>>> print(open('model.cif').read())   # mmCIF, C-alpha atoms
data_model
#
loop_
_atom_site.group_PDB
_atom_site.id
_atom_site.type_symbol
_atom_site.label_atom_id
_atom_site.label_comp_id
_atom_site.auth_asym_id
_atom_site.auth_seq_id
_atom_site.Cartn_x
_atom_site.Cartn_y
_atom_site.Cartn_z
ATOM 1 C CA MET A 1 -2.426 16.976 -22.455
ATOM 2 C CA ILE A 2 -4.164 15.096 -19.662
ATOM 3 C CA ARG A 3 -7.075 12.726 -20.214
ATOM 4 C CA LEU A 4 -8.978 9.943 -18.492
ATOM 5 C CA LEU A 5 -7.563 6.549 -19.433
ATOM 6 C CA THR A 6 -9.600 3.615 -20.721
ATOM 7 C CA GLU A 7 -9.144 -0.103 -21.220
ATOM 8 C CA ALA A 8 -7.445 0.685 -24.543
ATOM 9 C CA ASP A 9 -4.579 2.254 -22.553
ATOM 10 C CA ARG A 10 -3.959 -0.775 -20.308
ATOM 11 C CA VAL A 11 -0.835 -2.189 -21.961
ATOM 12 C CA ARG A 12 0.871 1.169 -22.407
ATOM 13 C CA VAL A 13 0.150 2.523 -18.926
ATOM 14 C CA LEU A 14 1.277 -0.710 -17.245
ATOM 15 C CA SER A 15 4.474 -0.609 -19.282
ATOM 16 C CA PHE A 16 4.984 2.998 -18.148
ATOM 17 C CA LEU A 17 4.398 2.120 -14.492
ATOM 18 C CA ASN A 18 6.619 -0.950 -14.656
ATOM 19 C CA GLN A 19 9.628 1.310 -15.137
ATOM 20 C CA GLU A 20 9.577 1.380 -11.325
ATOM 21 C CA PRO A 21 7.378 -1.532 -10.251
ATOM 22 C CA SER A 22 8.071 -1.235 -6.523
ATOM 23 C CA TYR A 23 7.168 2.441 -6.331
ATOM 24 C CA ASN A 24 4.112 1.786 -8.488
ATOM 25 C CA ILE A 25 2.835 -1.307 -6.721
ATOM 26 C CA PHE A 26 -0.465 0.348 -5.781
ATOM 27 C CA PRO A 27 -1.434 1.687 -9.225
ATOM 28 C CA ILE A 28 -0.245 -1.480 -10.959
ATOM 29 C CA GLY A 29 -2.212 -3.641 -8.532
ATOM 30 C CA ASP A 30 -5.314 -1.472 -8.764
ATOM 31 C CA ILE A 31 -5.266 -1.476 -12.565
ATOM 32 C CA GLU A 32 -4.617 -5.215 -12.790
ATOM 33 C CA THR A 33 -7.433 -5.916 -10.317
ATOM 34 C CA PHE A 34 -10.096 -3.312 -11.094
ATOM 35 C CA GLY A 35 -9.286 -1.962 -14.555
ATOM 36 C CA PHE A 36 -10.848 1.215 -15.912
ATOM 37 C CA ASP A 37 -14.599 0.659 -15.781
ATOM 38 C CA THR A 38 -15.498 0.811 -12.084
ATOM 39 C CA ASP A 39 -17.276 3.654 -10.319
ATOM 40 C CA PHE A 40 -14.598 3.877 -7.593
ATOM 41 C CA GLN A 41 -11.417 4.029 -9.670
ATOM 42 C CA ARG A 42 -10.186 6.411 -12.340
ATOM 43 C CA VAL A 43 -6.764 6.804 -13.953
ATOM 44 C CA TYR A 44 -5.621 10.054 -15.573
ATOM 45 C CA GLY A 45 -2.613 10.225 -17.871
ATOM 46 C CA GLU A 46 -0.440 13.136 -18.961
ATOM 47 C CA PHE A 47 1.057 12.878 -22.459
ATOM 48 C CA ASP A 48 3.668 14.762 -24.449
ATOM 49 C CA GLU A 49 3.176 15.870 -28.043
ATOM 50 C CA ASP A 50 4.192 12.419 -29.273
ATOM 51 C CA GLU A 51 1.497 10.768 -27.110
ATOM 52 C CA ASP A 52 4.094 9.278 -24.743
ATOM 53 C CA PHE A 53 3.247 9.115 -21.035
ATOM 54 C CA LEU A 54 4.719 11.789 -18.777
ATOM 55 C CA SER A 55 2.798 11.095 -15.543
ATOM 56 C CA ILE A 56 -0.336 9.490 -14.101
ATOM 57 C CA LEU A 57 -2.813 10.218 -11.334
ATOM 58 C CA LEU A 58 -4.776 7.244 -10.037
ATOM 59 C CA ARG A 59 -7.946 7.773 -8.000
ATOM 60 C CA TYR A 60 -9.055 4.786 -5.902
ATOM 61 C CA ARG A 61 -12.033 5.605 -3.698
ATOM 62 C CA GLU A 62 -10.869 8.469 -1.446
ATOM 63 C CA HIS A 63 -7.179 7.928 -2.250
ATOM 64 C CA ALA A 64 -4.969 9.311 -5.019
ATOM 65 C CA ILE A 65 -1.453 8.417 -6.118
ATOM 66 C CA TYR A 66 0.712 10.587 -8.350
ATOM 67 C CA TYR A 67 3.643 9.222 -10.351
ATOM 68 C CA ALA A 68 6.148 10.545 -12.862
ATOM 69 C CA PRO A 69 9.575 9.088 -13.691
ATOM 70 C CA THR A 70 11.108 12.579 -13.605
ATOM 71 C CA GLU A 71 10.562 15.507 -11.250
ATOM 72 C CA ARG A 72 7.535 17.181 -12.806
ATOM 73 C CA PHE A 73 3.990 18.235 -11.983
ATOM 74 C CA SER A 74 1.625 19.877 -14.433
ATOM 75 C CA ARG A 75 -0.883 22.496 -13.294
ATOM 76 C CA GLU A 76 -3.287 20.875 -15.740
ATOM 77 C CA TYR A 77 -4.019 18.409 -12.945
ATOM 78 C CA LEU A 78 -5.458 21.141 -10.728
ATOM 79 C CA PRO A 79 -8.949 21.182 -12.310
ATOM 80 C CA ILE A 80 -9.046 17.403 -11.785
ATOM 81 C CA PHE A 81 -8.151 17.948 -8.118
ATOM 82 C CA GLU A 82 -11.230 20.201 -7.920
ATOM 83 C CA ASP A 83 -13.627 18.047 -9.955
ATOM 84 C CA ASP A 84 -12.504 14.664 -8.592
ATOM 85 C CA PRO A 85 -11.469 15.465 -4.994
ATOM 86 C CA PHE A 86 -9.663 13.052 -2.697
ATOM 87 C CA GLU A 87 -9.045 12.708 1.035
ATOM 88 C CA HIS A 88 -5.497 11.322 0.717
ATOM 89 C CA ILE A 89 -2.751 11.610 -1.891
ATOM 90 C CA SER A 90 0.712 10.050 -1.888
ATOM 91 C CA GLY A 91 3.810 9.509 -3.964
ATOM 92 C CA LYS A 92 7.585 9.776 -3.964
ATOM 93 C CA THR A 93 8.603 12.621 -1.653
ATOM 94 C CA ARG A 94 10.574 14.390 -4.371
ATOM 95 C CA LEU A 95 7.466 14.431 -6.565
ATOM 96 C CA MET A 96 5.041 15.303 -3.802
ATOM 97 C CA MET A 97 7.084 18.392 -2.933
ATOM 98 C CA LEU A 98 5.993 19.717 -6.329
ATOM 99 C CA VAL A 99 2.357 18.871 -5.576
ATOM 100 C CA LYS A 100 2.416 20.163 -1.991
ATOM 101 C CA PRO A 101 1.922 23.888 -2.799
ATOM 102 C CA HIS A 102 -1.436 22.968 -4.378
ATOM 103 C CA LEU A 103 -2.744 20.958 -1.402
ATOM 104 C CA GLU A 104 -4.505 23.361 0.928
ATOM 105 C CA GLY A 105 -5.889 21.803 4.092
ATOM 106 C CA PHE A 106 -3.672 18.706 3.982
ATOM 107 C CA THR A 107 -1.055 17.509 6.453
ATOM 108 C CA GLU A 108 2.042 15.545 5.439
ATOM 109 C CA ARG A 109 3.470 12.291 6.758
ATOM 110 C CA ARG A 110 6.766 10.839 5.566
ATOM 111 C CA GLU A 111 7.754 7.198 5.611
ATOM 112 C CA GLN A 112 10.724 5.128 4.509
ATOM 113 C CA PHE A 113 10.093 2.926 1.486
ATOM 114 C CA CYS A 114 11.831 -0.464 1.287
ATOM 115 C CA GLU A 115 11.822 -3.556 -0.888
ATOM 116 C CA ALA A 116 13.025 -7.123 -0.462
ATOM 117 C CA THR A 117 14.112 -9.557 -3.148
ATOM 118 C CA GLU A 118 15.675 -12.130 -0.821
ATOM 119 C CA LEU A 119 15.359 -13.391 2.740
ATOM 120 C CA ARG A 120 18.795 -12.768 4.227
ATOM 121 C CA ALA A 121 18.435 -13.639 7.909
ATOM 122 C CA PRO A 122 15.367 -15.776 8.675
ATOM 123 C CA VAL A 123 14.501 -16.362 12.310
ATOM 124 C CA ALA A 124 13.742 -19.809 13.705
ATOM 125 C CA TYR A 125 10.062 -20.266 14.592
ATOM 126 C CA ASP A 126 7.323 -22.850 14.943
ATOM 127 C CA GLU A 127 5.594 -22.786 11.545
ATOM 128 C CA THR A 128 2.498 -24.484 12.961
ATOM 129 C CA ILE A 129 1.500 -21.357 14.914
ATOM 130 C CA VAL A 130 1.233 -19.210 11.764
ATOM 131 C CA LYS A 131 -2.258 -19.213 10.240
ATOM 132 C CA THR A 132 -3.944 -17.463 7.308
ATOM 133 C CA VAL A 133 -7.092 -15.340 7.603
ATOM 134 C CA ARG A 134 -9.812 -16.867 5.421
ATOM 135 C CA THR A 135 -13.204 -16.252 7.064
ATOM 136 C CA LYS A 136 -15.317 -13.339 8.258
ATOM 137 C CA GLU A 137 -15.062 -14.666 11.807
ATOM 138 C CA GLU A 138 -11.284 -14.410 11.561
ATOM 139 C CA CYS A 139 -11.615 -10.890 10.128
ATOM 140 C CA GLY A 140 -13.558 -10.030 13.284
ATOM 141 C CA LYS A 141 -10.778 -11.341 15.503
ATOM 142 C CA LEU A 142 -8.312 -9.346 13.430
ATOM 143 C CA TYR A 143 -10.362 -6.203 14.072
ATOM 144 C CA ASP A 144 -10.238 -6.882 17.816
ATOM 145 C CA LEU A 145 -6.434 -6.993 17.672
ATOM 146 C CA LEU A 146 -5.914 -3.967 15.445
ATOM 147 C CA ALA A 147 -8.410 -1.882 17.430
ATOM 148 C CA THR A 148 -6.039 -2.112 20.419
ATOM 149 C CA ILE A 149 -3.365 -0.196 18.479
ATOM 150 C CA PRO A 150 -4.401 3.501 18.377
ATOM 151 C CA GLU A 151 -2.076 4.576 15.570
ATOM 152 C CA PHE A 152 -3.877 2.280 13.132
ATOM 153 C CA GLY A 153 -7.166 4.126 13.690
ATOM 154 C CA ILE A 154 -9.156 0.916 13.230
ATOM 155 C CA HIS A 155 -11.082 1.566 16.454
ATOM 156 C CA LYS A 156 -12.767 4.514 14.750
ATOM 157 C CA LYS A 157 -14.392 2.244 12.177
ATOM 158 C CA PRO A 158 -17.506 0.145 12.883
ATOM 159 C CA LYS A 159 -16.499 -3.474 13.348
ATOM 160 C CA GLN A 160 -18.960 -4.901 10.835
ATOM 161 C CA ALA A 161 -17.892 -2.420 8.164
ATOM 162 C CA TYR A 162 -14.263 -3.387 8.760
ATOM 163 C CA ILE A 163 -15.093 -7.089 8.532
ATOM 164 C CA GLU A 164 -16.893 -6.694 5.205
ATOM 165 C CA GLY A 165 -14.116 -4.558 3.737
ATOM 166 C CA LYS A 166 -11.325 -6.793 4.996
ATOM 167 C CA TYR A 167 -13.018 -9.949 3.748
ATOM 168 C CA GLU A 168 -13.393 -8.397 0.297
ATOM 169 C CA SER A 169 -9.742 -7.302 0.298
ATOM 170 C CA LEU A 170 -8.428 -10.796 1.002
ATOM 171 C CA LYS A 171 -8.345 -11.398 -2.751
ATOM 172 C CA MET A 172 -5.730 -8.623 -3.062
ATOM 173 C CA GLY A 173 -3.199 -10.219 -0.709
ATOM 174 C CA THR A 174 -2.532 -12.545 2.219
ATOM 175 C CA THR A 175 -3.102 -11.956 5.944
ATOM 176 C CA LEU A 176 -1.238 -14.056 8.495
ATOM 177 C CA TYR A 177 -1.818 -14.253 12.237
ATOM 178 C CA ILE A 178 -0.754 -15.945 15.456
ATOM 179 C CA GLU A 179 -3.440 -16.835 17.994
ATOM 180 C CA GLN A 180 -2.964 -17.325 21.728
ATOM 181 C CA ASP A 181 -5.503 -17.695 24.514
ATOM 182 C CA GLY A 182 -8.354 -17.682 21.988
ATOM 183 C CA LYS A 183 -7.508 -14.319 20.428
ATOM 184 C CA PHE A 184 -5.305 -12.925 17.681
ATOM 185 C CA VAL A 185 -2.100 -11.551 19.203
ATOM 186 C CA SER A 186 0.065 -10.776 16.160
ATOM 187 C CA THR A 187 -0.517 -10.225 12.450
ATOM 188 C CA VAL A 188 1.017 -9.144 9.175
ATOM 189 C CA ALA A 189 -0.655 -8.728 5.792
ATOM 190 C CA THR A 190 -0.016 -7.941 2.165
ATOM 191 C CA THR A 191 -2.162 -5.920 -0.183
ATOM 192 C CA ALA A 192 -1.981 -4.588 -3.732
ATOM 193 C CA GLU A 193 -0.519 -7.915 -4.838
ATOM 194 C CA THR A 194 0.496 -7.799 -8.485
ATOM 195 C CA SER A 195 1.940 -10.343 -10.867
ATOM 196 C CA ILE A 196 5.462 -9.533 -9.585
ATOM 197 C CA ASN A 197 5.229 -8.098 -6.061
ATOM 198 C CA ALA A 198 3.070 -7.183 -3.058
ATOM 199 C CA MET A 199 2.940 -4.525 -0.321
ATOM 200 C CA VAL A 200 3.411 -5.470 3.340
ATOM 201 C CA VAL A 201 0.949 -3.712 5.666
ATOM 202 C CA ALA A 202 -0.531 -3.898 9.165
ATOM 203 C CA VAL A 203 2.391 -5.425 11.047
ATOM 204 C CA ALA A 204 1.048 -5.543 14.602
ATOM 205 C CA THR A 205 1.385 -7.341 17.915
ATOM 206 C CA HIS A 206 -0.854 -6.903 20.956
ATOM 207 C CA ALA A 207 0.937 -4.991 23.725
ATOM 208 C CA ASP A 208 0.570 -7.894 26.165
ATOM 209 C CA TYR A 209 2.298 -10.335 23.800
ATOM 210 C CA ARG A 210 5.272 -8.345 22.537
ATOM 211 C CA ASN A 211 8.918 -9.427 22.869
ATOM 212 C CA ASN A 212 8.010 -13.030 22.035
ATOM 213 C CA GLY A 213 9.385 -12.886 18.477
ATOM 214 C CA TYR A 214 5.940 -13.079 16.901
ATOM 215 C CA ALA A 215 6.454 -10.214 14.433
ATOM 216 C CA SER A 216 9.800 -11.610 13.261
ATOM 217 C CA ALA A 217 8.237 -15.059 12.864
ATOM 218 C CA LEU A 218 5.358 -13.705 10.807
ATOM 219 C CA MET A 219 7.670 -11.595 8.631
ATOM 220 C CA THR A 220 9.961 -14.576 8.037
ATOM 221 C CA HIS A 221 6.974 -16.742 7.083
ATOM 222 C CA LEU A 222 5.597 -14.045 4.780
ATOM 223 C CA MET A 223 8.939 -13.505 3.075
ATOM 224 C CA LYS A 224 9.362 -17.246 2.490
ATOM 225 C CA LEU A 225 5.852 -17.388 1.040
ATOM 226 C CA TYR A 226 6.399 -14.546 -1.418
ATOM 227 C CA LEU A 227 10.114 -14.456 -2.202
ATOM 228 C CA GLU A 228 10.618 -18.228 -2.407
ATOM 229 C CA ASP A 229 7.262 -19.910 -3.074
ATOM 230 C CA ARG A 230 5.597 -17.258 -5.247
ATOM 231 C CA ASP A 231 8.767 -15.672 -6.672
ATOM 232 C CA LYS A 232 7.443 -12.172 -5.941
ATOM 233 C CA ASP A 233 9.222 -9.221 -4.339
ATOM 234 C CA LEU A 234 7.869 -7.458 -1.255
ATOM 235 C CA CYS A 235 7.646 -3.750 -0.482
ATOM 236 C CA LEU A 236 6.804 -1.878 2.708
ATOM 237 C CA PHE A 237 6.707 1.518 4.379
ATOM 238 C CA TYR A 238 7.874 2.226 7.902
ATOM 239 C CA ASP A 239 8.270 5.229 10.169
ATOM 240 C CA ASN A 240 9.228 3.359 13.346
ATOM 241 C CA GLU A 241 13.003 2.986 13.535
ATOM 242 C CA ASP A 242 12.868 -0.079 15.810
ATOM 243 C CA ALA A 243 10.571 -1.873 13.386
ATOM 244 C CA GLY A 244 12.742 -0.676 10.529
ATOM 245 C CA GLN A 245 15.765 -2.455 11.985
ATOM 246 C CA ILE A 246 13.838 -5.742 11.959
ATOM 247 C CA TYR A 247 12.889 -5.304 8.306
ATOM 248 C CA LEU A 248 16.395 -4.350 7.232
ATOM 249 C CA ARG A 249 17.901 -7.307 9.097
ATOM 250 C CA LEU A 250 15.519 -9.758 7.439
ATOM 251 C CA GLY A 251 16.331 -8.580 3.927
ATOM 252 C CA PHE A 252 14.576 -5.314 3.096
ATOM 253 C CA ASP A 253 16.599 -2.463 1.577
ATOM 254 C CA TYR A 254 15.800 1.237 1.727
ATOM 255 C CA ILE A 255 15.034 2.712 -1.695
ATOM 256 C CA GLY A 256 13.549 6.143 -0.977
ATOM 257 C CA ALA A 257 11.221 8.454 0.901
ATOM 258 C CA TRP A 258 7.441 8.429 0.462
ATOM 259 C CA SER A 259 5.063 11.254 1.398
ATOM 260 C CA LEU A 260 1.381 10.955 2.262
ATOM 261 C CA PHE A 261 -0.943 13.926 2.530
ATOM 262 C CA ASP A 262 -4.172 13.592 4.494
ATOM 263 C CA LYS A 263 -7.016 16.070 4.353
ATOM 264 C CA THR A 264 -7.472 17.624 7.786
ATOM 265 C CA ASP A 265 -10.854 17.720 9.487
ATOM 266 C CA GLU A 266 -12.424 21.155 9.298
#
>>> encode(input="model.cif", output="structure tokens")
Amino acid sequence: MIRLLTEADRVRVLSFLNQEPSYNIFPIGDIETFGFDTDFQRVYGEFDEDEDFLSILLRYREHAIYYAPTERFSREYLPIFEDDPFEHISGKTRLMMLVKPHLEGFTERREQFCEATELRAPVAYDETIVKTVRTKEECGKLYDLLATIPEFGIHKKPKQAYIEGKYESLKMGTTLYIEQDGKFVSTVATTAETSINAMVVAVATHADYRNNGYASALMTHLMKLYLEDRDKDLCLFYDNEDAGQIYLRLGFDYIGAWSLFDKTDE
């Protein structure tokens, strides 16, 4: 049986997801932050005959995440796919291979999923150059940096819309930056911060300022902030092997493959 979850399911579904808190950082964070009564988030649960959870599907705006602790996918989700459509869906690769045959018009991307519980090899850096994004003006400068990196796709989004969305999302994580010559030149952020961990995203350095150690400095600062000061683990995805070597050297460990499916433009 699959049904839409409500606030009455909070404790049980979070307990279910916390079997694998790193893999489930997004649904845990979304539930902790937004709950079950918003118009942009819905959580569906699959149950066995004893009313124990078997899997969940979380819908957050145009995104969906599927999770099960074992390799399973029920066709009972397919009517939900039709009635509550999404533009993107992701999950463990071994699970998403079961979902893939039912995703017409989607393309797949695979990334490596890592987590860090300790900072093994911090780099030396000037801590005074690392700042935290707090204002809309700073969100605008962040847009200017990220828009120079085509693979992020930020340049396709109106600047003001990005600023408003980013400013709102600051409550879900921390964004650090380094500024030179009056502009942001390097950044790293977290999102989906939960009571025990957070997801590292948007690691970027302007092309004209690379090879100065800025990314390593920001990652070291971020890892100190979370692993030592906040006593929270960090997770991240990567598909760039050079960047991956930096993460692994600092203290991240590979834990599995993650697949993302994006709806293609017709």
>>> residues_near_point(input="model.cif", point="(-5.8, -20.7, 4.8)", cutoff="12 Å", atoms="only C-alpha atoms", output="list in words")
Val130, Lys131, Thr132, Val133, Arg134, Thr135, Glu138, Leu170, Thr174, Thr175, Leu176 and Tyr177 of chain A
>>> closest_residue(input="model.cif", among="A:Glu104, A:Glu32, A:Asp84, A:Asp262", to="Val11 of chain A", atoms="all atoms listed in the file")
A:Glu32
>>> atom_distance(input="model.cif", atom1="atom CA of Leu14 of chain A", atom2="atom CA of Pro27 of chain A")
8.8 Å
>>> closest_residue(input="model.cif", among="A:Ile246, A:Ile196, A:Leu145, A:Ala161", to="Glu179 of chain A", atoms="only C-alpha atoms")
A:Leu145
>>> residues_near_point(input="model.cif", point="(-4.1, 15.1, -17.7)", cutoff="8 Å", atoms="only C-alpha atoms", output="PDB file with C-alpha atoms, in the frame of the given file")
ATOM      1  CA  MET A   1      -2.426  16.976 -22.455  1.00  0.00           C
ATOM      2  CA  ILE A   2      -4.164  15.096 -19.662  1.00  0.00           C
ATOM      3  CA  ARG A   3      -7.075  12.726 -20.214  1.00  0.00           C
ATOM      4  CA  LEU A   4      -8.978   9.943 -18.492  1.00  0.00           C
ATOM      5  CA  TYR A  44      -5.621  10.054 -15.573  1.00  0.00           C
ATOM      6  CA  GLY A  45      -2.613  10.225 -17.871  1.00  0.00           C
ATOM      7  CA  GLU A  46      -0.440  13.136 -18.961  1.00  0.00           C
ATOM      8  CA  PHE A  47       1.057  12.878 -22.459  1.00  0.00           C
ATOM      9  CA  ILE A  56      -0.336   9.490 -14.101  1.00  0.00           C
ATOM     10  CA  GLU A  76      -3.287  20.875 -15.740  1.00  0.00           C
ATOM     11  CA  TYR A  77      -4.019  18.409 -12.945  1.00  0.00           C
TER      12      TYR A  77
END
>>> axis_aligned_box(input="model.cif", around="segment 151-170 of chain A", padding_each_side="5 Å", output="JSON")
{"center_x": -10.5, "center_y": -3.1, "center_z": 8.4, "size_x": 26.9, "size_y": 25.4, "size_z": 26.2}
>>> resolve_selection(input="model.cif", expression="the PyMOL selection byres ((chain A and resi 42) around 9)", output="list of chain:residue names")
A:Leu4, A:Leu5, A:Thr6, A:Gly35, A:Phe36, A:Asp37, A:Thr38, A:Asp39, A:Phe40, A:Gln41, A:Val43, A:Tyr44, A:Leu57, A:Leu58, A:Arg59, A:Tyr60, A:Arg61
>>> atom_distance(input="model.cif", atom1="atom CA of Cys235 of chain A", atom2="atom CA of Met199 of chain A")
4.8 Å
>>> resolve_selection(input="model.cif", expression="the PyMOL selection byres ((chain A and resi 89) around 6)", output="PyMOL selection string")
chain A and resi 63-65+88+90+260-261
>>> write_last_selection(input="model.cif", atoms="C-alpha atoms", output="mmCIF file, in the coordinates of the input")
data_model
loop_
_atom_site.group_PDB
_atom_site.id
_atom_site.type_symbol
_atom_site.label_atom_id
_atom_site.label_comp_id
_atom_site.auth_asym_id
_atom_site.auth_seq_id
_atom_site.Cartn_x
_atom_site.Cartn_y
_atom_site.Cartn_z
ATOM 1 C CA HIS A 63 -7.179 7.928 -2.250
ATOM 2 C CA ALA A 64 -4.969 9.311 -5.019
ATOM 3 C CA ILE A 65 -1.453 8.417 -6.118
ATOM 4 C CA HIS A 88 -5.497 11.322 0.717
ATOM 5 C CA SER A 90 0.712 10.050 -1.888
ATOM 6 C CA LEU A 260 1.381 10.955 2.262
ATOM 7 C CA PHE A 261 -0.943 13.926 2.530
#
>>> residues_around(input="model.cif", residues="Leu142 of chain A", least_positions_apart="2", cutoff="9 Å", atoms="all atoms listed in the file", output="list in words")
Val133, Glu137, Glu138, Cys139, Gly140, Asp144, Leu145, Leu146, Ala147, Ile163, Tyr177, Lys183, Phe184, Val185, Ser186 and Thr187 of chain A
>>> atom_distance(input="model.cif", atom1="atom CA of Leu248 of chain A", atom2="atom CA of Tyr125 of chain A")
18.6 Å
>>> resolve_selection(input="model.cif", expression="the PyMOL selection byres ((chain A and resi 190) around 10)", output="PyMOL selection string")
chain A and resi 169-170+172-176+188-189+191-193+197-203+222+226+234-236
>>> residues_around(input="model.cif", residues="Ala257 of chain A", least_positions_apart="4", cutoff="9 Å", atoms="only C-alpha atoms", output="JSON, numbers by chain")
{"A": [91, 92, 93, 94, 110, 111, 112, 113, 114, 237]}
>>> residues_around(input="model.cif", residues="Leu17 of chain A", least_positions_apart="3", cutoff="10 Å", atoms="only C-alpha atoms", output="PyMOL selection string")
chain A and resi 12-14+20-25+27-28+53+55-56+67-69
>>> decode(input="model.cif", residues="segment 88-95 of chain A", atoms="all heavy atoms", output="CSV table (one decimal), in the first residue's frame")
chain,number,residue,atom,x,y,z
A,88,HIS,N,12.8,16.2,-12.2
A,88,HIS,CA,14.0,15.5,-11.9
A,88,HIS,C,13.7,14.5,-10.8
A,88,HIS,O,12.9,14.7,-9.9
A,88,HIS,CB,15.0,16.5,-11.3
A,88,HIS,CG,15.1,17.8,-12.1
A,88,HIS,ND1,15.9,18.0,-13.2
A,88,HIS,CD2,14.5,19.0,-11.9
A,88,HIS,CE1,15.7,19.2,-13.6
A,88,HIS,NE2,14.9,19.8,-12.9
A,89,ILE,N,14.4,13.3,-10.9
A,89,ILE,CA,14.2,12.3,-9.8
A,89,ILE,C,15.6,11.7,-9.6
A,89,ILE,O,16.4,11.5,-10.6
A,89,ILE,CB,13.2,11.3,-10.2
A,89,ILE,CG1,13.0,10.3,-9.0
A,89,ILE,CG2,13.5,10.6,-11.5
A,89,ILE,CD1,11.8,9.4,-9.2
A,90,SER,N,15.9,11.4,-8.3
A,90,SER,CA,17.3,10.9,-8.0
A,90,SER,C,17.2,9.9,-6.9
A,90,SER,O,16.2,9.8,-6.2
A,90,SER,CB,18.2,12.0,-7.7
A,90,SER,OG,17.8,12.7,-6.5
A,91,GLY,N,18.3,9.1,-6.7
A,91,GLY,CA,18.4,8.1,-5.7
A,91,GLY,C,19.6,7.3,-5.9
A,91,GLY,O,20.4,7.5,-6.8
A,92,LYS,N,19.8,6.3,-5.0
A,92,LYS,CA,20.9,5.4,-5.2
A,92,LYS,C,20.9,4.8,-6.6
A,92,LYS,O,19.8,4.4,-7.0
A,92,LYS,CB,20.8,4.3,-4.1
A,92,LYS,CG,21.1,4.6,-2.7
A,92,LYS,CD,21.0,3.4,-1.9
A,92,LYS,CE,21.2,3.6,-0.4
A,92,LYS,NZ,21.0,2.3,0.4
A,93,THR,N,22.0,4.6,-7.2
A,93,THR,CA,22.0,4.1,-8.6
A,93,THR,C,21.3,2.7,-8.6
A,93,THR,O,20.6,2.4,-9.5
A,93,THR,CB,23.4,4.0,-9.1
A,93,THR,OG1,23.9,5.3,-9.3
A,93,THR,CG2,23.5,3.3,-10.4
A,94,ARG,N,21.6,1.8,-7.6
A,94,ARG,CA,21.1,0.5,-7.7
A,94,ARG,C,19.5,0.5,-7.5
A,94,ARG,O,18.9,-0.4,-8.1
A,94,ARG,CB,21.7,-0.4,-6.6
A,94,ARG,CG,21.4,0.1,-5.2
A,94,ARG,CD,22.1,-0.9,-4.2
A,94,ARG,NE,21.9,-0.5,-2.8
A,94,ARG,CZ,20.8,-0.8,-2.1
A,94,ARG,NH1,19.9,-1.6,-2.7
A,94,ARG,NH2,20.7,-0.5,-0.8
A,95,LEU,N,19.0,1.5,-6.9
A,95,LEU,CA,17.5,1.6,-6.8
A,95,LEU,C,17.0,2.3,-8.1
A,95,LEU,O,16.0,1.8,-8.6
A,95,LEU,CB,17.1,2.5,-5.6
A,95,LEU,CG,17.3,1.9,-4.2
A,95,LEU,CD1,16.9,2.9,-3.2
A,95,LEU,CD2,16.5,0.6,-4.1
